[in-house]
Protein chains: 2
Amino acid sequence: MPTAPDKRGPAPTLRDVAARADVSATIASRVLNDDPSVRVRDDTRARIHEVAQALGYVPNGLARSLRKSRSDAIGLVMHNLASPLNTTVLEGVRGRCADAGYVTLVADSDQLTVDSSRLRTFLARGRLDGVILHVGYGHHDRLIEEVSRHLPAVLVNADLTAPVPAVRLDDTAAGRLATSHLISLGHTDICFIGGPEGSVTSLGRQSGYEAALEESGRQPRIDAIRAGWGPEDGEAAALELLRRPALPTAIVVANVVTASGVLTVLRSAGVRVPDDISVVAIHDAWFAKHLAIPLTTVQLPLFELGETAAGLLLGTLAGKEPSDRVLITDPPPHLIPRESTAAPRAGAR
Amino acid sequence: MPTAPDKRGPAPTLRDVAARADVSATIASRVLNDDPSVRVRDDTRARIHEVAQALGYVPNGLARSLRKSRSDAIGLVMHNLASPLNTTVLEGVRGRCADAGYVTLVADSDQLTVDSSRLRTFLARGRLDGVILHVGYGHHDRLIEEVSRHLPAVLVNADLTAPVPAVRLDDTAAGRLATSHLISLGHTDICFIGGPEGSVTSLGRQSGYEAALEESGRQPRIDAIRAGWGPEDGEAAALELLRRPALPTAIVVANVVTASGVLTVLRSAGVRVPDDISVVAIHDAWFAKHLAIPLTTVQLPLFELGETAAGLLLGTLAGKEPSDRVLITDPPPHLIPRESTAAPRAGAR
DNA sequence: CACCAGTGAACAATCGATTTTCCAGAACGT
DNA sequence: ACGTTCTGGAAAATCGATTGTTCACTGGTG
């Protein structure tokens with residue numbers, strides 16, 4: 001193992017390597033980058049590699065990027081990193097980018113929205129080749145516009161009014177699958193607990209819910225509550241439900257995190273799941289089986305969502321003409337039955 | 001609102017601004033950076049700002065960083081981003097860095113370990129001013145060494161043998177608090193379910209557990225099981241416990257995620273918590289109250305852990321001499337009582 | 001002997017901003 | 001009239017790597 005160069009003191013540059021190997025920087029650069037268009041003697045080539053190794057030479061990414069005007073870095077603007085659902089998307093993005101030799105810079109959409117100087121720092125030209133925006137619902141139009149004005153961008157699960165390529169999950173199919181699972185168990189009185197107002201993903205899931213009900217044909221009642229994406233939103237929605245004179249026999253919750261809150265409130269109210277009421281949620285996550293009751297879920301390909309978004313962006317950077325919208329249908333939504341769903345009790349109303 | 005410059009076509013450079021404002025690049029740079037050491041007429045100054053605004057000038061971060069040889073970016077190498085505990089640390093790091101005008105680059109420790117070319121890309125000189133390493137337990141010595149050879153680094157919750165400044169939580173105090181909570185409820189037969197072998201955080205929590213038992217003086221039995229950090233590790237540990245002829249009356253679990261699995265297995269085995277057995281876990285998280293039973297936890301300042309690590313690194317970058325180790329004692333570990341702990345049943349053995 | 005091709009490598013421009021050094025003209029004092 | 005001090009600003013070097021162009025040899029040919 002070669003002696004480690006001291007951390008203090010300037011790091012060796014290409015010129016240092018060139019000087020020690022007694023060649024020009026040109027040759028050193030070309031040899032170290034395996035430029036096929038250059039002819040060098042084998043011993044020269046070997047000497048250069050040796051010196052680079054001995055000196056512990058690492059090329060300066062800044063200088064290289066500046067010259068080539070590409071940084072091999074993409075930005076990921078994400079809202080609510082605390083949600084495991086979102087980190088799954090992040091992993092997908094990161095995986096694909098890493099495979100392509102790109103590094104990923106993560107920023108928080110709220111911080112960026114609040115403080116425009118941070119947006120500046122983040123966007124500082126040259127640092128990023130492109131951006132993936134996963135900013136949740138609403139109020140981020142200016143951010144999207146600002147970013148996409150400067151850089152190639154791809155939207156994830158966001159509003160489609162923006163003139164920016166977007167990638168989405170098949171929310172409608174997910175909503176439909178969750179609902180038809182309940183219908184096939186015999187439920188007809190099914191409530192939908194959605195996400196926040198204006199969320200396109202929630203609306204998509206709700207339209208799947210409605211479609212499934214309509215297709216079932218048994219005079220179903222459409223019954224949707226608007227909530228939010230957090231566990232406390234689920235708690236609030238469940239409390240609202242409990243204030244009604246009669247409960248539905250089943251609930252579709254648009255999000256597994258929200259559903260956590262729903263289950264906990266039902267438990268403390270003495271409502272038994274699935275005996276008194278069935279619950280199914282959209283999205284799977286590690287904690288679904290550890291909740292108040294192991295929760296039946298519809299798994300959506302979040303990792304692939306991230307991968308696809310990254311792939312789209314990388315394709316654009318490589319010069320391909322991007323499709324405007326991509327709907328991820330493979331793999332399709334997948335039902336994971338656990339203990340929170342069952343047939344309605346005979347005689348339940 | 002000024003017309004947006006087209007995304008296509010080269011972005012304006014400082015020279016473009018200077019030319020349009022009829023000054024030299026020197027002056028343009030100084031004016032736009034508010035350099036106090038330069039004297040310019042007010043109208044010149046105004047003109048430069050106007051032109052920059054009109055052109056939508058954004059300085060090139062690469063060029064600037066290259067010249068100043070600092071990138072205002074720090075790297076965060078993190079293992080298991082899927083854990084909400086770790087994303088909390090991440091948020092702390094990011095918050096502190098953003099306040100100081102730094103952006104954060106996130107990488108996955110496993111990927112970096114597996115593929116050294118990715119390590120190269122990540123470290124590419126100049127791109128990063130420093131690195132925070134939150135790599136979990138074991139097997140990352142080479143990574144730590146490699147990184148810290150090139151850049152100022154700070155370790156989070158990691159092994160202390162490395163000659164690198166490190167920040168840790170007060171694991172001992174947390175283990176002690178969890179255990180003495182159980183002792184004060186009247187438990188004497190308390191089992192400890194730890195993390196993976198070689199994890200310093202787990203060892204710290206265990207030593208707190210042992211200390212509390214010893215201090216209680218009532219001839220306690222020390223009884224530790226080694227598990228891991230995942231929910232499935234908790235499941236395995238609980239199954240092991242169930243194979244015993246007799247259960248302890250209480251369990252301290254070193255991690256709330258692991259505890260999720262423990263609770264779920266106990267539930268499906270028909271063991272009632274807290275009637276038959278009490279469970280307390282270290283670390284709080286949003287899902288703790290939504291588990292099979294709302295879980296009593298010991299909250300540790302994870303966000304502050306991230307902030308402190310970032311602060312230490314930023315201090316080093318600012319030229320301060322770093323302390324070797326920092327133990328975070330403020331805020332101290334905090335018990336959050338929920339429903340999973342109670343006094344042992346009279347007559348329980 | 002002059003010419004040409006091929007080999008192996010160096011020169012110099014460039015990416016875009018920062019920064020050290022330097023300078024022309026105006027104002028001022030004696 | 002002459003040196004001095006401000007004012008306002010420009011020239012050029014620099015950060016480190018990449019890359020299109022050019023150049024000095026050597027050996028073989030006509």
# chains A, B, ... in the order shown; residues from 1 in each chain; ligands from 1
>>> interface_residues(of="chain A", to="chain C", cutoff="6 Å", atoms="only C-alpha atoms (C1' of nucleotides)", output="PyMOL selection string")
chain A and resi 40+66-67
>>> residues_around(residues="Leu314 (chain B)", least_positions_apart="3", cutoff="9 Å", atoms="only C-alpha atoms (C1' of nucleotides)", output="PyMOL selection string")
chain B and resi 74+97+100+130+309-311+317-320
>>> select_by_dssp(residues="region 106-324 of chain A", states="helix (DSSP H, G or I)", output="NGL selection string")
:A and (109-114 or 116-123 or 141-150 or 171-184 or 200-216 or 231-242 or 256-268 or 286-290 or 302-317)
>>> closest_atom_pairs(of="chain D", to="chain B", cutoff="7 Å", atoms="only C-alpha atoms (C1' of nucleotides)", output="CSV")
residue,atom,partner,partner_atom,distance
D:DG8,C1',B:Val40,CA,5.7
D:DA10,C1',B:Ser24,CA,6.5
D:DC15,C1',B:Arg67,CA,4.3
>>> write_last_selection(atoms="N, CA and C atoms (P, O5', C5', C4', C3', O3' and C1' of nucleotides)", output="mmCIF file, in the first residue's frame")
data_model
loop_
_atom_site.group_PDB
_atom_site.id
_atom_site.type_symbol
_atom_site.label_atom_id
_atom_site.label_comp_id
_atom_site.auth_asym_id
_atom_site.auth_seq_id
_atom_site.Cartn_x
_atom_site.Cartn_y
_atom_site.Cartn_z
ATOM 1 P P DG D 8 -15.781 58.011 -7.225
ATOM 2 O "O5'" DG D 8 -15.286 57.132 -8.458
ATOM 3 C "C5'" DG D 8 -15.213 57.711 -9.754
ATOM 4 C "C4'" DG D 8 -14.667 56.693 -10.714
ATOM 5 C "C3'" DG D 8 -15.424 55.351 -10.719
ATOM 6 O "O3'" DG D 8 -15.838 55.077 -12.046
ATOM 7 C "C1'" DG D 8 -13.102 54.999 -10.566
ATOM 8 P P DA D 10 -13.867 49.535 -16.477
ATOM 9 O "O5'" DA D 10 -12.421 49.064 -16.960
ATOM 10 C "C5'" DA D 10 -11.590 49.963 -17.664
ATOM 11 C "C4'" DA D 10 -10.177 49.410 -17.731
ATOM 12 C "C3'" DA D 10 -10.088 48.003 -18.307
ATOM 13 O "O3'" DA D 10 -9.023 47.945 -19.225
ATOM 14 C "C1'" DA D 10 -9.117 48.053 -16.149
ATOM 15 P P DC D 15 -2.647 29.022 -9.343
ATOM 16 O "O5'" DC D 15 -4.021 28.261 -9.071
ATOM 17 C "C5'" DC D 15 -4.927 28.699 -8.071
ATOM 18 C "C4'" DC D 15 -6.264 28.041 -8.306
ATOM 19 C "C3'" DC D 15 -6.145 26.667 -8.949
ATOM 20 O "O3'" DC D 15 -6.248 25.666 -7.948
ATOM 21 C "C1'" DC D 15 -7.846 28.012 -10.004
#
>>> interface_residues(of="chain A", to="chain B", cutoff="7 Å", atoms="only C-alpha atoms", output="tab-separated table (two decimals) with N, CA and C atoms, in the first residue's frame")
chain	number	residue	atom	x	y	z
A	7	LYS	N	-2.98	14.78	4.65
A	7	LYS	CA	-4.20	15.52	4.38
A	7	LYS	C	-3.91	17.01	4.28
A	58	VAL	N	-6.01	12.59	-7.33
A	58	VAL	CA	-7.44	12.55	-7.60
A	58	VAL	C	-7.78	13.79	-8.41
A	59	PRO	N	-8.33	13.62	-9.59
A	59	PRO	CA	-8.60	14.81	-10.41
A	59	PRO	C	-9.58	15.75	-9.72
A	60	ASN	N	-9.45	16.98	-10.00
A	60	ASN	CA	-10.34	17.98	-9.42
A	60	ASN	C	-11.63	18.04	-10.22
A	61	GLY	N	-12.69	17.59	-9.55
A	61	GLY	CA	-13.97	17.50	-10.23
A	61	GLY	C	-14.49	18.84	-10.70
A	62	LEU	N	-14.20	19.87	-9.95
A	62	LEU	CA	-14.66	21.19	-10.30
A	62	LEU	C	-14.07	21.63	-11.63
A	63	ALA	N	-12.77	21.51	-11.71
A	63	ALA	CA	-12.08	21.95	-12.92
A	63	ALA	C	-12.56	21.15	-14.12
A	66	LEU	N	-16.07	22.18	-15.02
A	66	LEU	CA	-16.06	23.51	-15.63
A	66	LEU	C	-15.70	23.41	-17.10
A	81	LEU	N	-38.88	14.30	3.78
A	81	LEU	CA	-37.96	13.17	3.73
A	81	LEU	C	-38.21	12.20	4.88
A	82	ALA	N	-38.95	12.63	5.87
A	82	ALA	CA	-39.19	11.77	7.03
A	82	ALA	C	-40.07	10.59	6.66
A	84	PRO	N	-41.03	7.29	4.98
A	84	PRO	CA	-40.32	6.18	4.35
A	84	PRO	C	-40.75	5.98	2.91
A	87	THR	N	-38.46	8.29	1.02
A	87	THR	CA	-37.07	7.84	0.94
A	87	THR	C	-36.92	6.67	-0.02
A	88	THR	N	-37.99	5.92	-0.19
A	88	THR	CA	-37.92	4.84	-1.18
A	88	THR	C	-37.75	5.42	-2.58
A	103	VAL	N	-23.84	11.76	-9.24
A	103	VAL	CA	-24.10	11.86	-7.81
A	103	VAL	C	-25.39	12.67	-7.61
A	104	THR	N	-25.95	12.50	-6.44
A	104	THR	CA	-27.26	13.10	-6.18
A	104	THR	C	-27.17	14.11	-5.05
A	105	LEU	N	-27.71	15.27	-5.29
A	105	LEU	CA	-27.77	16.32	-4.28
A	105	LEU	C	-29.21	16.44	-3.81
A	106	VAL	N	-29.41	16.35	-2.52
A	106	VAL	CA	-30.78	16.38	-2.01
A	106	VAL	C	-31.07	17.72	-1.34
A	122	PHE	N	-28.47	26.35	-4.37
A	122	PHE	CA	-28.72	25.01	-4.88
A	122	PHE	C	-28.60	24.98	-6.39
A	124	ALA	N	-26.98	27.13	-8.28
A	124	ALA	CA	-25.77	27.77	-8.80
A	124	ALA	C	-25.28	27.07	-10.06
A	125	ARG	N	-25.33	27.77	-11.12
A	125	ARG	CA	-25.11	27.17	-12.43
A	125	ARG	C	-23.87	26.30	-12.47
A	126	GLY	N	-23.98	25.20	-13.16
A	126	GLY	CA	-22.83	24.35	-13.34
A	126	GLY	C	-22.76	23.23	-12.35
A	127	ARG	N	-23.28	23.47	-11.16
A	127	ARG	CA	-23.19	22.46	-10.14
A	127	ARG	C	-24.07	21.26	-10.45
A	149	ARG	N	-36.72	26.67	-15.37
A	149	ARG	CA	-36.23	27.71	-16.27
A	149	ARG	C	-34.71	27.58	-16.45
A	150	HIS	N	-34.07	27.14	-15.39
A	150	HIS	CA	-32.62	27.10	-15.43
A	150	HIS	C	-32.06	25.75	-15.87
A	260	SER	N	-52.17	4.59	9.64
A	260	SER	CA	-51.66	4.30	10.98
A	260	SER	C	-52.49	5.01	12.02
A	261	GLY	N	-52.74	6.28	11.76
A	261	GLY	CA	-53.53	7.07	12.69
A	261	GLY	C	-54.96	6.58	12.78
A	264	THR	N	-55.13	3.44	14.97
A	264	THR	CA	-54.91	3.70	16.39
A	264	THR	C	-56.14	4.32	17.05
A	290	HIS	N	-46.86	-3.95	11.51
A	290	HIS	CA	-46.63	-3.75	12.94
A	290	HIS	C	-47.62	-2.78	13.57
A	291	LEU	N	-48.62	-2.37	12.84
A	291	LEU	CA	-49.56	-1.37	13.36
A	291	LEU	C	-50.56	-2.00	14.33
A	292	ALA	N	-51.48	-1.17	14.78
A	292	ALA	CA	-52.50	-1.61	15.75
A	292	ALA	C	-53.10	-2.94	15.31
A	293	ILE	N	-53.30	-3.05	14.02
A	293	ILE	CA	-53.65	-4.35	13.40
A	293	ILE	C	-52.79	-4.44	12.14
>>> select_by_dssp(residues="region 136-234 of chain B", states="strand (DSSP E or B)", output="list in words")
Ala153, Val154, Leu155, Val156, Ala166, Val167, Arg168, Leu169, Ile190, Cys191, Phe192, Ile193, Gly194, Ala224, Ile225 and Arg226 of chain B
